[in-house]
Amino acid sequence: MEYRTLGKDLTVSAVGLGCMGMSHAYGAPADKKEMRELLAEAVDIGYTFFDTAEVYGTPDNPHHNEELVGEALRPYRDKVVIATKFGIYFDMESKQVNKPLLPDSRPEVIRASAENSLSRLGTDHIDLYYQHRADPFVPIEEVAGVMRELIQEGKITHWGLSEADEETIRRAHAVCPVTAIQNRYSMMARWYEALFPVLEELHIGYVAFSPLANGFLSAKYGKDSKFDLGTDYRSMMPQFAPEAVEQNQKLLKLIETVAEGKQATPGQISLAWMLGKKPYLVPIPGTRKSDRLKENAGAVDIKLTAKEIEVLDRQLDTMEMSDVFGGTSCK
């Protein structure tokens, strides 16, 4: 494993582990014992960066993921960086599989969230605390002020913003320096590349979630892939529709061709492309499987030259591809 620095001084593994899918959005929660073993294996491989959130759970246990991550990583707490998030909850009255998000970043809510996350994670501090989505009713300066207080109190050490735009980043950073943003990014979702100059100017890291387009870029799914309609968000993601799989064959062929040349997997090429773009970019693919955990970690050993990345970017710029899941919006 290689390591990178987010912001001024937060050192993390170059590939992190997104833990959401162990509890939420990718079917019924995985077996807790198996996931504890997987998280221990990740530490053994060299992963030091683990991502969760207070809302990753089930109707029966809304905080399933924080509890799982906290319990599994407790023996390794001094070796790992734990990121979690505040500021949203799900509209449970909605009948949608992918339920709308309701933002709430009032200072008193943030403080309660922080205390509850600390308790569930079984730790005395959160290494990286993200606002999960912007709250249109609470100025970002007010949120940043609470983050500054939590840092002074030692309850968090760094903070960040998820799915943030340039204006929000600048306003937040002016009050309390932002360590990282966590935005969607993949070969199919490149709309936040416009933020690169801002991040470089302010020395802010970019943590990329859904770096494999929710698994699609692993090239493991076809037109006949089935997903549980009640618990698996992929059942309604546009890139997994049969016609989209057909539409994206040229993209998958491009990645597979590069993979063959590098003796790598398509998923590794997707991650290596990202790692080669910027030194402050850290993807956090999720998995429930040991072999995929090792495969994703192995992406750090696949090196694409600046020229190879430039050629790939030019092809992606002009390639027809389907829509890709763009995240859940706030109501």
# chains A, B, ... in the order shown; residues from 1 in each chain; ligands from 1
$ closest_atom_pairs --of "range 127-173 of chain A" --to "range 50-72 of chain A" --cutoff "10 Å" --atoms "only C-alpha atoms" --output "JSON lines"
{"residue": "A:Leu128", "atom": "CA", "partner": "A:Asp51", "partner_atom": "CA", "distance": 9.1}
{"residue": "A:Tyr129", "atom": "CA", "partner": "A:Ala53", "partner_atom": "CA", "distance": 9.2}
{"residue": "A:Tyr130", "atom": "CA", "partner": "A:Ala53", "partner_atom": "CA", "distance": 8.8}
{"residue": "A:Gln131", "atom": "CA", "partner": "A:Ala53", "partner_atom": "CA", "distance": 9.9}
{"residue": "A:His132", "atom": "CA", "partner": "A:Ala53", "partner_atom": "CA", "distance": 8.1}
$ write_last_selection --atoms "C-alpha atoms" --output "PDB file, in the first residue's frame"
ATOM      1  CA  LEU A 128     -12.290  13.325   9.624  1.00  0.00           C
ATOM      2  CA  TYR A 129     -15.822  14.650  10.119  1.00  0.00           C
ATOM      3  CA  TYR A 130     -17.774  15.555   6.974  1.00  0.00           C
ATOM      4  CA  GLN A 131     -20.914  17.553   6.481  1.00  0.00           C
ATOM      5  CA  HIS A 132     -22.746  14.885   4.464  1.00  0.00           C
TER       6      HIS A 132
END
$ residues_around --residues "Glu37 in chain A" --least-positions-apart "4" --cutoff "10 Å" --atoms "only C-alpha atoms" --output "list in words"
Lys32, Lys33, Glu41, Ala42, Ala72 and Ser290 of chain A
$ residues_around --residues "range 319-326 of chain A" --least-positions-apart "5" --cutoff "8 Å" --atoms "only C-alpha atoms" --output "PyMOL selection string"
chain A and resi 184+188-189+213+237-239+244+247-248+250-251
$ write_last_selection --atoms "N, CA and C atoms" --output "PDB file, in the first residue's frame"
ATOM      1  N   ARG A 184     -18.436  12.600  -5.473  1.00  0.00           N
ATOM      2  CA  ARG A 184     -18.485  11.513  -6.443  1.00  0.00           C
ATOM      3  C   ARG A 184     -17.433  11.749  -7.532  1.00  0.00           C
ATOM      4  N   MET A 188     -16.999   7.771 -15.310  1.00  0.00           N
ATOM      5  CA  MET A 188     -18.330   8.116 -15.805  1.00  0.00           C
ATOM      6  C   MET A 188     -18.895   9.372 -15.146  1.00  0.00           C
ATOM      7  N   ALA A 189     -18.210   9.881 -14.134  1.00  0.00           N
ATOM      8  CA  ALA A 189     -18.724  11.036 -13.380  1.00  0.00           C
ATOM      9  C   ALA A 189     -17.564  11.982 -13.107  1.00  0.00           C
ATOM     10  N   ALA A 213     -18.073   3.791 -10.253  1.00  0.00           N
ATOM     11  CA  ALA A 213     -19.458   4.022 -10.688  1.00  0.00           C
ATOM     12  C   ALA A 213     -20.388   2.975 -10.082  1.00  0.00           C
ATOM     13  N   MET A 237     -30.323   2.417 -10.535  1.00  0.00           N
ATOM     14  CA  MET A 237     -29.235   3.247 -11.077  1.00  0.00           C
ATOM     15  C   MET A 237     -29.197   3.118 -12.591  1.00  0.00           C
ATOM     16  N   PRO A 238     -29.107   4.241 -13.311  1.00  0.00           N
ATOM     17  CA  PRO A 238     -29.226   4.190 -14.772  1.00  0.00           C
ATOM     18  C   PRO A 238     -28.148   3.372 -15.467  1.00  0.00           C
ATOM     19  N   GLN A 239     -26.926   3.333 -14.913  1.00  0.00           N
ATOM     20  CA  GLN A 239     -25.855   2.617 -15.613  1.00  0.00           C
ATOM     21  C   GLN A 239     -26.036   1.106 -15.625  1.00  0.00           C
ATOM     22  N   ALA A 244     -28.417   0.468 -20.947  1.00  0.00           N
ATOM     23  CA  ALA A 244     -27.223   1.232 -20.601  1.00  0.00           C
ATOM     24  C   ALA A 244     -25.980   0.352 -20.663  1.00  0.00           C
ATOM     25  N   GLN A 247     -25.088   0.305 -24.126  1.00  0.00           N
ATOM     26  CA  GLN A 247     -24.568   1.617 -24.533  1.00  0.00           C
ATOM     27  C   GLN A 247     -23.133   1.833 -24.052  1.00  0.00           C
ATOM     28  N   ASN A 248     -22.762   1.217 -22.934  1.00  0.00           N
ATOM     29  CA  ASN A 248     -21.450   1.447 -22.328  1.00  0.00           C
ATOM     30  C   ASN A 248     -20.397   0.415 -22.735  1.00  0.00           C
ATOM     31  N   LYS A 250     -18.478   0.274 -25.315  1.00  0.00           N
ATOM     32  CA  LYS A 250     -17.245   0.893 -25.820  1.00  0.00           C
ATOM     33  C   LYS A 250     -16.359   1.341 -24.657  1.00  0.00           C
ATOM     34  N   LEU A 251     -16.983   1.893 -23.625  1.00  0.00           N
ATOM     35  CA  LEU A 251     -16.242   2.312 -22.436  1.00  0.00           C
ATOM     36  C   LEU A 251     -15.594   1.112 -21.761  1.00  0.00           C
TER      37      LEU A 251
END
$ closest_residue --among "A:Leu102, A:Met1, A:Val81, A:Ala172" --to "Asp44 in chain A" --atoms "only C-alpha atoms"
A:Met1
$ residues_around --residues "Met187 in chain A" --least-positions-apart "6" --cutoff "8 Å" --atoms "only C-alpha atoms" --output "number ranges by chain"
A: 211-213, 270, 316
$ write_last_selection --atoms "N, CA and C atoms" --output "mmCIF file, in the first residue's frame"
data_model
loop_
_atom_site.group_PDB
_atom_site.id
_atom_site.type_symbol
_atom_site.label_atom_id
_atom_site.label_comp_id
_atom_site.auth_asym_id
_atom_site.auth_seq_id
_atom_site.Cartn_x
_atom_site.Cartn_y
_atom_site.Cartn_z
ATOM 1 N N PRO A 211 -15.895 5.420 -6.914
ATOM 2 C CA PRO A 211 -14.867 5.546 -7.959
ATOM 3 C C PRO A 211 -15.011 4.524 -9.079
ATOM 4 N N LEU A 212 -15.802 3.478 -8.840
ATOM 5 C CA LEU A 212 -16.062 2.478 -9.881
ATOM 6 C C LEU A 212 -17.495 2.593 -10.398
ATOM 7 N N ALA A 213 -18.073 3.791 -10.253
ATOM 8 C CA ALA A 213 -19.458 4.022 -10.688
ATOM 9 C C ALA A 213 -20.388 2.975 -10.082
ATOM 10 N N SER A 270 -9.433 1.556 -13.516
ATOM 11 C CA SER A 270 -10.279 2.697 -13.150
ATOM 12 C C SER A 270 -9.711 3.437 -11.948
ATOM 13 N N LEU A 316 -12.419 9.512 -23.172
ATOM 14 C CA LEU A 316 -13.597 9.647 -22.318
ATOM 15 C C LEU A 316 -14.386 10.904 -22.666
#
$ closest_atom_pairs --of "range 3-48 of chain A" --to "range 292-299 of chain A" --cutoff "9 Å" --atoms "only C-alpha atoms" --output "Markdown table"
| residue | atom | partner | partner_atom | distance |
| --- | --- | --- | --- | --- |
| A:Ala14 | CA | A:Ala297 | CA | 8.5 |
| A:Val15 | CA | A:Ala297 | CA | 6.2 |
| A:Gly16 | CA | A:Ala297 | CA | 8.4 |
| A:Leu17 | CA | A:Leu293 | CA | 8.3 |
| A:Leu38 | CA | A:Leu293 | CA | 8.3 |
| A:Glu41 | CA | A:Leu293 | CA | 8.7 |
| A:Ala42 | CA | A:Leu293 | CA | 7.1 |
| A:Ile45 | CA | A:Lys294 | CA | 7.5 |
| A:Gly46 | CA | A:Ala297 | CA | 8.2 |
| A:Tyr47 | CA | A:Ala297 | CA | 7.8 |
$ closest_residue --among "A:Ile181, A:Cys176, A:Leu304, A:Leu39" --to "Lys289 in chain A" --atoms "only C-alpha atoms"
A:Leu39
$ residues_around --residues "Ser105 in chain A" --least-positions-apart "4" --cutoff "10 Å" --atoms "only C-alpha atoms" --output "PyMOL selection string"
chain A and resi 86-88+109-111+113+131-140+142-143+146
$ decode --residues "range 48-101 of chain A" --atoms "C-alpha atoms" --output "PDB file, in the first residue's frame"
ATOM      1  CA  THR A  48      -5.645   2.876   7.074  1.00  0.00           C
ATOM      2  CA  PHE A  49      -8.599   4.956   5.825  1.00  0.00           C
ATOM      3  CA  PHE A  50     -12.149   3.832   6.615  1.00  0.00           C
ATOM      4  CA  ASP A  51     -15.301   5.721   5.688  1.00  0.00           C
ATOM      5  CA  THR A  52     -18.705   5.504   7.347  1.00  0.00           C
ATOM      6  CA  ALA A  53     -21.625   7.806   8.278  1.00  0.00           C
ATOM      7  CA  GLU A  54     -24.261   8.046  10.962  1.00  0.00           C
ATOM      8  CA  VAL A  55     -27.028   7.289   8.423  1.00  0.00           C
ATOM      9  CA  TYR A  56     -25.599   4.095   6.939  1.00  0.00           C
ATOM     10  CA  GLY A  57     -27.932   1.497   8.330  1.00  0.00           C
ATOM     11  CA  THR A  58     -31.304  -0.180   8.094  1.00  0.00           C
ATOM     12  CA  PRO A  59     -34.827   0.713   9.253  1.00  0.00           C
ATOM     13  CA  ASP A  60     -34.269  -1.684  12.164  1.00  0.00           C
ATOM     14  CA  ASN A  61     -30.831  -0.298  13.028  1.00  0.00           C
ATOM     15  CA  PRO A  62     -30.245   3.128  11.440  1.00  0.00           C
ATOM     16  CA  HIS A  63     -26.665   3.303  12.758  1.00  0.00           C
ATOM     17  CA  HIS A  64     -25.576  -0.233  11.865  1.00  0.00           C
ATOM     18  CA  ASN A  65     -22.435   0.800   9.987  1.00  0.00           C
ATOM     19  CA  GLU A  66     -20.854   3.061  12.587  1.00  0.00           C
ATOM     20  CA  GLU A  67     -21.357   0.376  15.204  1.00  0.00           C
ATOM     21  CA  LEU A  68     -19.795  -2.259  12.935  1.00  0.00           C
ATOM     22  CA  VAL A  69     -16.813  -0.091  11.976  1.00  0.00           C
ATOM     23  CA  GLY A  70     -16.196   1.022  15.541  1.00  0.00           C
ATOM     24  CA  GLU A  71     -16.269  -2.501  16.912  1.00  0.00           C
ATOM     25  CA  ALA A  72     -14.105  -3.985  14.154  1.00  0.00           C
ATOM     26  CA  LEU A  73     -11.445  -1.275  14.224  1.00  0.00           C
ATOM     27  CA  ARG A  74     -11.182  -0.869  18.002  1.00  0.00           C
ATOM     28  CA  PRO A  75      -8.080  -3.120  18.256  1.00  0.00           C
ATOM     29  CA  TYR A  76      -6.360  -1.002  15.564  1.00  0.00           C
ATOM     30  CA  ARG A  77      -7.595   2.450  16.579  1.00  0.00           C
ATOM     31  CA  ASP A  78      -4.114   3.990  16.830  1.00  0.00           C
ATOM     32  CA  LYS A  79      -3.266   2.778  13.298  1.00  0.00           C
ATOM     33  CA  VAL A  80      -6.343   3.919  11.367  1.00  0.00           C
ATOM     34  CA  VAL A  81      -8.152   7.051  10.226  1.00  0.00           C
ATOM     35  CA  ILE A  82     -11.916   6.910  10.669  1.00  0.00           C
ATOM     36  CA  ALA A  83     -14.117   9.293   8.696  1.00  0.00           C
ATOM     37  CA  THR A  84     -17.799   9.716   9.424  1.00  0.00           C
ATOM     38  CA  LYS A  85     -20.515  12.217   8.531  1.00  0.00           C
ATOM     39  CA  PHE A  86     -23.320  14.340   9.933  1.00  0.00           C
ATOM     40  CA  GLY A  87     -26.056  16.543   8.556  1.00  0.00           C
ATOM     41  CA  ILE A  88     -28.689  14.391   6.850  1.00  0.00           C
ATOM     42  CA  TYR A  89     -31.368  11.849   7.589  1.00  0.00           C
ATOM     43  CA  PHE A  90     -33.622   9.838   5.308  1.00  0.00           C
ATOM     44  CA  ASP A  91     -37.258  10.578   4.576  1.00  0.00           C
ATOM     45  CA  MET A  92     -38.535   7.247   5.884  1.00  0.00           C
ATOM     46  CA  GLU A  93     -42.093   8.031   4.789  1.00  0.00           C
ATOM     47  CA  SER A  94     -41.008   7.854   1.158  1.00  0.00           C
ATOM     48  CA  LYS A  95     -41.770   4.648  -0.767  1.00  0.00           C
ATOM     49  CA  GLN A  96     -38.647   5.043  -2.906  1.00  0.00           C
ATOM     50  CA  VAL A  97     -35.811   2.509  -2.578  1.00  0.00           C
ATOM     51  CA  ASN A  98     -33.331   5.391  -2.626  1.00  0.00           C
ATOM     52  CA  LYS A  99     -35.095   7.606  -0.102  1.00  0.00           C
ATOM     53  CA  PRO A 100     -34.779  11.411  -0.352  1.00  0.00           C
ATOM     54  CA  LEU A 101     -32.388  13.111   2.047  1.00  0.00           C
TER      55      LEU A 101
END
